[in-house]
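> Input entry.cif, format and content: mmCIF, C-alpha atoms and all ligand atoms.
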data_target
#
loop_
_atom_site.label_atom_id
_atom_site.label_comp_id
_atom_site.auth_asym_id
_atom_site.auth_seq_id
_atom_site.Cartn_x
_atom_site.Cartn_y
_atom_site.Cartn_z
CA MET A 1 6.02 -31.22 -111.86
CA SER A 2 7.84 -34.27 -110.59
CA GLU A 3 9.19 -37.38 -112.23
CA THR A 4 10.49 -40.74 -111.10
CA THR A 5 13.75 -42.10 -112.38
CA SER A 6 15.12 -45.57 -111.80
CA LEU A 7 18.79 -46.20 -111.31
CA SER A 8 20.17 -49.33 -112.90
CA SER A 9 20.12 -51.13 -109.55
CA GLY A 10 16.35 -50.69 -109.39
CA GLU A 11 16.01 -47.95 -106.77
CA LYS A 12 13.66 -45.15 -107.69
CA ILE A 13 14.18 -41.49 -107.00
CA VAL A 14 11.61 -38.76 -107.48
CA THR A 15 12.76 -35.32 -108.49
CA THR A 16 11.21 -32.22 -109.96
CA SER A 17 11.87 -31.45 -113.58
CA THR A 18 12.69 -27.84 -112.82
CA MET A 19 15.82 -29.03 -111.04
CA MET A 20 17.01 -31.24 -113.83
CA ASP A 21 20.19 -30.45 -115.68
CA ASP A 22 21.31 -27.61 -113.50
CA PRO A 23 25.03 -28.21 -112.94
CA GLU A 24 25.24 -25.02 -110.89
CA LEU A 25 23.35 -26.78 -108.13
CA LEU A 26 26.43 -28.73 -107.21
CA GLY A 27 28.63 -25.68 -106.95
CA ALA A 28 26.04 -23.42 -105.41
CA HIS A 29 25.96 -25.01 -102.03
CA PRO A 30 28.37 -24.27 -99.19
CA VAL A 31 29.00 -27.95 -98.43
CA PHE A 32 30.76 -28.11 -101.77
CA PRO A 33 33.98 -26.40 -102.71
CA SER A 34 33.44 -23.31 -104.85
CA THR A 35 34.36 -25.30 -107.91
CA TYR A 36 32.44 -28.50 -107.74
CA ARG A 37 34.17 -30.38 -110.53
CA PRO A 38 37.11 -31.76 -108.49
CA PHE A 39 34.62 -32.77 -105.82
CA LEU A 40 32.46 -34.51 -108.37
CA ASP A 41 35.54 -36.28 -109.72
CA GLU A 42 36.46 -37.38 -106.21
CA LEU A 43 32.98 -38.77 -105.53
CA CYS A 44 32.97 -40.53 -108.84
CA GLU A 45 36.32 -42.11 -108.05
CA LYS A 46 35.33 -43.18 -104.52
CA THR A 47 31.88 -44.54 -105.36
CA LYS A 48 30.34 -46.91 -107.84
CA PHE A 49 28.17 -44.17 -109.32
CA THR A 50 28.68 -42.37 -112.60
CA LYS A 51 28.94 -38.60 -112.69
CA SER A 52 25.45 -38.22 -114.07
CA GLU A 53 24.08 -40.47 -111.33
CA ILE A 54 25.88 -38.41 -108.71
CA ARG A 55 24.44 -35.20 -110.17
CA PHE A 56 21.03 -36.81 -110.18
CA LEU A 57 21.34 -38.03 -106.59
CA TYR A 58 22.54 -34.62 -105.54
CA ARG A 59 19.49 -32.96 -107.01
CA GLY A 60 17.28 -35.33 -105.03
CA PHE A 61 19.34 -34.70 -101.89
CA LYS A 62 19.18 -30.94 -102.33
CA GLN A 63 15.46 -31.09 -102.87
CA GLU A 64 14.87 -33.06 -99.67
CA CYS A 65 17.54 -31.27 -97.67
CA PRO A 66 17.90 -27.71 -98.91
CA GLY A 67 20.34 -27.06 -96.06
CA GLY A 68 22.77 -29.56 -97.58
CA ILE A 69 23.01 -31.77 -94.51
CA VAL A 70 20.76 -34.31 -92.84
CA GLN A 71 20.25 -33.98 -89.10
CA GLU A 72 19.39 -36.84 -86.79
CA ASP A 73 15.85 -35.49 -86.36
CA THR A 74 15.20 -36.00 -90.06
CA PHE A 75 16.18 -39.67 -89.77
CA LYS A 76 13.89 -40.03 -86.77
CA GLU A 77 10.99 -38.48 -88.67
CA ILE A 78 11.54 -40.79 -91.64
CA TYR A 79 11.65 -43.91 -89.46
CA GLN A 80 8.62 -42.72 -87.54
CA LYS A 81 6.66 -42.54 -90.80
CA PHE A 82 7.72 -46.02 -91.88
CA PHE A 83 7.24 -47.62 -88.47
CA PRO A 84 4.33 -45.73 -86.91
CA TYR A 85 3.48 -48.47 -84.40
CA GLY A 86 6.86 -48.82 -82.81
CA ASN A 87 9.45 -46.63 -81.17
CA SER A 88 12.05 -46.02 -83.83
CA THR A 89 14.18 -43.50 -81.93
CA VAL A 90 17.04 -45.82 -81.03
CA TYR A 91 17.25 -47.59 -84.36
CA ALA A 92 17.10 -44.28 -86.24
CA HIS A 93 19.97 -43.07 -84.05
CA LEU A 94 22.05 -46.16 -84.83
CA VAL A 95 21.50 -45.85 -88.56
CA PHE A 96 22.21 -42.15 -88.42
CA LYS A 97 25.52 -42.84 -86.68
CA ALA A 98 26.32 -45.44 -89.32
CA PHE A 99 25.84 -42.90 -92.11
CA ASP A 100 27.69 -40.12 -90.27
CA ILE A 101 31.13 -41.18 -91.46
CA THR A 102 33.02 -38.25 -89.99
CA SER A 103 31.06 -38.40 -86.71
CA CYS A 104 30.27 -34.70 -86.96
CA GLY A 105 26.61 -35.06 -85.97
CA ALA A 106 25.27 -34.41 -89.46
CA ILE A 107 25.19 -36.33 -92.70
CA THR A 108 26.62 -34.56 -95.70
CA PHE A 109 25.99 -35.47 -99.31
CA LYS A 110 29.41 -37.11 -99.39
CA ASP A 111 28.60 -39.29 -96.36
CA MET A 112 25.31 -40.21 -97.95
CA ILE A 113 26.68 -41.11 -101.33
CA LEU A 114 29.63 -43.12 -100.00
CA THR A 115 27.24 -45.17 -97.91
CA LEU A 116 24.67 -45.62 -100.67
CA SER A 117 27.42 -46.74 -103.01
CA THR A 118 28.30 -49.56 -100.64
CA LEU A 119 24.73 -50.50 -99.83
CA LEU A 120 23.32 -50.31 -103.33
CA ARG A 121 26.29 -51.22 -105.48
CA GLY A 122 28.69 -53.05 -103.19
CA SER A 123 29.32 -56.79 -103.25
CA ASN A 124 27.61 -58.87 -100.57
CA ARG A 125 30.90 -58.91 -98.71
CA GLU A 126 31.14 -55.10 -98.81
CA LYS A 127 27.57 -54.68 -97.62
CA LEU A 128 28.17 -57.10 -94.74
CA LYS A 129 31.38 -55.34 -93.77
CA TRP A 130 29.41 -52.09 -93.62
CA ILE A 131 26.70 -53.68 -91.45
CA PHE A 132 29.32 -55.19 -89.15
CA SER A 133 31.58 -52.20 -88.71
CA ARG A 134 29.16 -49.26 -89.03
CA LEU A 135 25.99 -50.70 -87.51
CA TYR A 136 26.62 -53.69 -85.23
CA ASP A 137 30.03 -52.99 -83.74
CA LEU A 138 28.64 -50.16 -81.64
CA ASN A 139 31.87 -49.20 -79.87
CA GLY A 140 33.99 -49.69 -82.97
CA ASN A 141 36.53 -52.04 -81.37
CA GLY A 142 36.48 -54.57 -84.20
CA PHE A 143 34.22 -57.26 -82.79
CA ILE A 144 30.62 -57.74 -81.72
CA THR A 145 29.67 -58.78 -78.21
CA LYS A 146 26.38 -60.27 -77.11
CA ARG A 147 25.62 -56.96 -75.41
CA GLU A 148 25.96 -55.09 -78.71
CA LEU A 149 23.84 -57.60 -80.56
CA CYS A 150 21.24 -57.35 -77.81
CA ASP A 151 21.16 -53.54 -78.15
CA ILE A 152 20.67 -53.80 -81.89
CA ILE A 153 17.96 -56.44 -81.70
CA THR A 154 16.14 -54.55 -78.95
CA ALA A 155 16.20 -51.45 -81.17
CA ILE A 156 14.76 -53.46 -84.07
CA HIS A 157 12.04 -54.94 -81.86
CA ASP A 158 11.16 -51.45 -80.63
CA LEU A 159 11.10 -50.26 -84.22
CA VAL A 160 8.54 -52.80 -85.34
CA GLY A 161 6.59 -52.53 -82.09
CA VAL A 162 7.01 -55.91 -80.41
CA SER A 163 4.86 -55.71 -77.28
CA LYS A 164 6.70 -55.04 -74.05
CA GLN A 165 5.57 -58.29 -72.42
CA ALA A 166 6.71 -60.50 -75.24
CA GLU A 167 9.77 -58.41 -75.81
CA ASP A 168 12.18 -59.49 -73.08
CA ARG A 169 11.86 -63.19 -73.67
CA LYS A 170 11.74 -62.80 -77.42
CA THR A 171 14.81 -60.57 -77.48
CA ARG A 172 16.80 -62.92 -75.24
CA ASP A 173 15.96 -65.95 -77.38
CA HIS A 174 16.65 -64.09 -80.56
CA VAL A 175 20.01 -62.76 -79.34
CA ASP A 176 21.15 -66.18 -78.08
CA ARG A 177 20.18 -67.84 -81.32
CA ILE A 178 21.84 -65.31 -83.61
CA PHE A 179 24.92 -64.89 -81.45
CA SER A 180 25.67 -68.59 -81.28
CA LYS A 181 25.20 -68.80 -85.03
CA PHE A 182 27.78 -66.05 -85.57
CA ASP A 183 30.27 -67.03 -82.88
CA ALA A 184 31.70 -70.10 -84.58
CA ASN A 185 34.59 -70.73 -82.18
CA ARG A 186 32.46 -69.99 -79.07
CA ASP A 187 34.85 -67.47 -77.55
CA GLY A 188 32.13 -64.95 -76.74
CA ILE A 189 32.92 -62.41 -79.45
CA VAL A 190 32.03 -62.23 -83.12
CA THR A 191 34.82 -61.19 -85.44
CA ILE A 192 34.36 -59.84 -88.95
CA GLU A 193 35.55 -63.17 -90.39
CA GLU A 194 32.98 -65.12 -88.37
CA PHE A 195 30.29 -62.63 -89.30
CA LEU A 196 31.07 -62.79 -93.03
CA GLU A 197 31.30 -66.54 -93.11
CA SER A 198 28.07 -67.07 -91.20
CA CYS A 199 26.10 -64.53 -93.26
CA LEU A 200 27.43 -65.55 -96.65
CA LYS A 201 26.35 -69.15 -96.21
CA ASP A 202 22.85 -68.11 -95.14
CA ASP A 203 20.60 -68.05 -98.22
CA VAL A 204 18.03 -65.76 -96.62
CA ILE A 205 20.65 -63.17 -95.69
CA VAL A 206 22.30 -63.35 -99.09
CA LYS A 207 18.95 -62.93 -100.83
CA SER A 208 18.05 -59.98 -98.67
CA LEU A 209 21.43 -58.36 -99.35
CA GLN A 210 20.88 -58.79 -103.05
CA SER A 211 17.43 -57.29 -103.07
CA PHE A 212 18.35 -54.90 -100.30
CA SER A 213 15.17 -55.70 -98.43
CA THR A 214 16.70 -55.29 -94.98
CA THR A 215 15.15 -53.09 -92.33
CA LEU A 216 17.60 -50.36 -93.24
CA CA B 1 32.27 -53.93 -80.34
CA CA B 2 34.21 -65.87 -81.98
#
For the structure just supplied, provide its representation as structure tokens.
Ligand SMILES: [Ca+2]
Ligand SMILES: [Ca+2]


Amino acid sequence: MSETTSLSSGEKIVTTSTMMDDPELLGAHPVFPSTYRPFLDELCEKTKFTKSEIRFLYRGFKQECPGGIVQEDTFKEIYQKFFPYGNSTVYAHLVFKAFDITSCGAITFKDMILTLSTLLRGSNREKLKWIFSRLYDLNGNGFITKRELCDIITAIHDLVGVSKQAEDRKTRDHVDRIFSKFDANRDGIVTIEEFLESCLKDDVIVKSLQSFSTTL
């Protein structure tokens, strides 16, 4: 038997009732220390979730990923289901990398929950900082180049299945338009300050951050 529960932010998570209220689940898995309580305390401190929400999210995580970690293939499968008409491989890889905080090639529950905390409960500024530093700044050097933006937008076009013919021109136009919007001082790079300022004054972006209706 399964049931759906809504978190206060509106997201819904389905879990089976047989897994409810089993605190041993947290301690039973090797990704957790043998006593889970300090770990639970740490997650509670570092995220904007309550302990019961963390327990709840963990049960959902454990149900979907009995092995306790998410591999890149799982991300690819999920994106493939949501975007069956496009090629989601590259975008799934980029999002996977963004979630993989320790860059160990797998996403642990801790990685997942730290990221979800920012994306679901963070301020607009925190969400944008995550998008900038984890997703768009591909080489992690603190700013975004046109090349990076082009890679991201190409991945998004592939994801939604923009036809190959239309793609090149469409991508180029799109990149030029967005890049010049971000790069306020026209020095060819987008800094976090430019990114934040440009996004925060864009009503559409702000709305989408609030409802979390981005492609992520
Ligand atoms: Ca960069
Ligand atoms: Ca600039």

> At a cut-off of 6 Å, can you tabulate as JSON lines every residue of chain A near ligand CA 1 (chain B) together with its closest atom pair and the distance in Å to one decimal, using all atoms listed in the file and ordering rows by chain then number?


{"residue": "A:Asp137", "atom": "CA", "partner": "B:CA1", "partner_atom": "CA", "distance": 4.2}
{"residue": "A:Leu138", "atom": "CA", "partner": "B:CA1", "partner_atom": "CA", "distance": 5.4}
{"residue": "A:Asn139", "atom": "CA", "partner": "B:CA1", "partner_atom": "CA", "distance": 4.8}
{"residue": "A:Gly140", "atom": "CA", "partner": "B:CA1", "partner_atom": "CA", "distance": 5.3}
{"residue": "A:Asn141", "atom": "CA", "partner": "B:CA1", "partner_atom": "CA", "distance": 4.8}
{"residue": "A:Gly142", "atom": "CA", "partner": "B:CA1", "partner_atom": "CA", "distance": 5.7}
{"residue": "A:Phe143", "atom": "CA", "partner": "B:CA1", "partner_atom": "CA", "distance": 4.6}
{"residue": "A:Ile144", "atom": "CA", "partner": "B:CA1", "partner_atom": "CA", "distance": 4.4}
{"residue": "A:Thr145", "atom": "CA", "partner": "B:CA1", "partner_atom": "CA", "distance": 5.9}

> With all atoms listed in the file counted, collect every polymer residue having an atom within 10 Å of ligand CA 2 (chain B); state the result as a compact mmCIF listing (two decimals) with C-alpha atoms, in the frame of the given file.


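Ended up saving to selection-v8.txt:
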# COMPACT_ATOMS: atom_id res chain seq x y z
CA PHE A 143 34.22 -57.26 -82.79
CA ILE A 144 30.62 -57.74 -81.72
CA THR A 145 29.67 -58.78 -78.21
CA PHE A 179 24.92 -64.89 -81.45
CA SER A 180 25.67 -68.59 -81.28
CA LYS A 181 25.20 -68.80 -85.03
CA PHE A 182 27.78 -66.05 -85.57
CA ASP A 183 30.27 -67.03 -82.88
CA ALA A 184 31.70 -70.10 -84.58
CA ASN A 185 34.59 -70.73 -82.18
CA ARG A 186 32.46 -69.99 -79.07
CA ASP A 187 34.85 -67.47 -77.55
CA GLY A 188 32.13 -64.95 -76.74
CA ILE A 189 32.92 -62.41 -79.45
CA VAL A 190 32.03 -62.23 -83.12
CA THR A 191 34.82 -61.19 -85.44
CA ILE A 192 34.36 -59.84 -88.95
CA GLU A 193 35.55 -63.17 -90.39
CA GLU A 194 32.98 -65.12 -88.37
CA PHE A 195 30.29 -62.63 -89.30

> Within 8 Å of stretch 111-118 of chain A, counting only C-alpha atoms, which residues qualify if same-chain residues fewer than 3 places away don't, as a VMD selection string?

chain A and resid 43 46 to 49 54 99 to 102 107 to 108 121 to 123 126 to 127 130

> I need every residue sitting at most 7 Å from the point (19.4, -49.8, -82.1) (coordinates as in the file, only C-alpha atoms considered), written as a list in words.

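Counting only C-alpha atoms, I find these residues within 7 Å of (19.4, -49.8, -82.1): Val90, Tyr91, Leu94, Asp151, Ile152, Ile153, Thr154, Ala155 and Ile156 of chain A.
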
> One number please: atom CA of A:Lys62 to atom CA of A:Gln80, in Å, one decimal.

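Separation between atom CA of A:Lys62 and atom CA of A:Gln80: 21.7 Å.
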
> So that I can see what lies close to A:Gly161, please list as a list in words the residues with an atom at most 9 Å from it, counting all atoms listed in the file and leaving out residues fewer than 2 positions away in the same chain.

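The filter keeps Phe83, Pro84, Tyr85, Gly86, Asn87, Ser88, Ile156, His157, Asp158, Leu159, Ser163 and Lys164 of chain A.
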
> Hey, can you check how far atom CA of A:Glu53 sits from atom CA of A:Pro38?

15.9 Å

> What is the atom CA of A:Arg134 to atom CA of A:Leu209 distance in Å?

15.8 Å
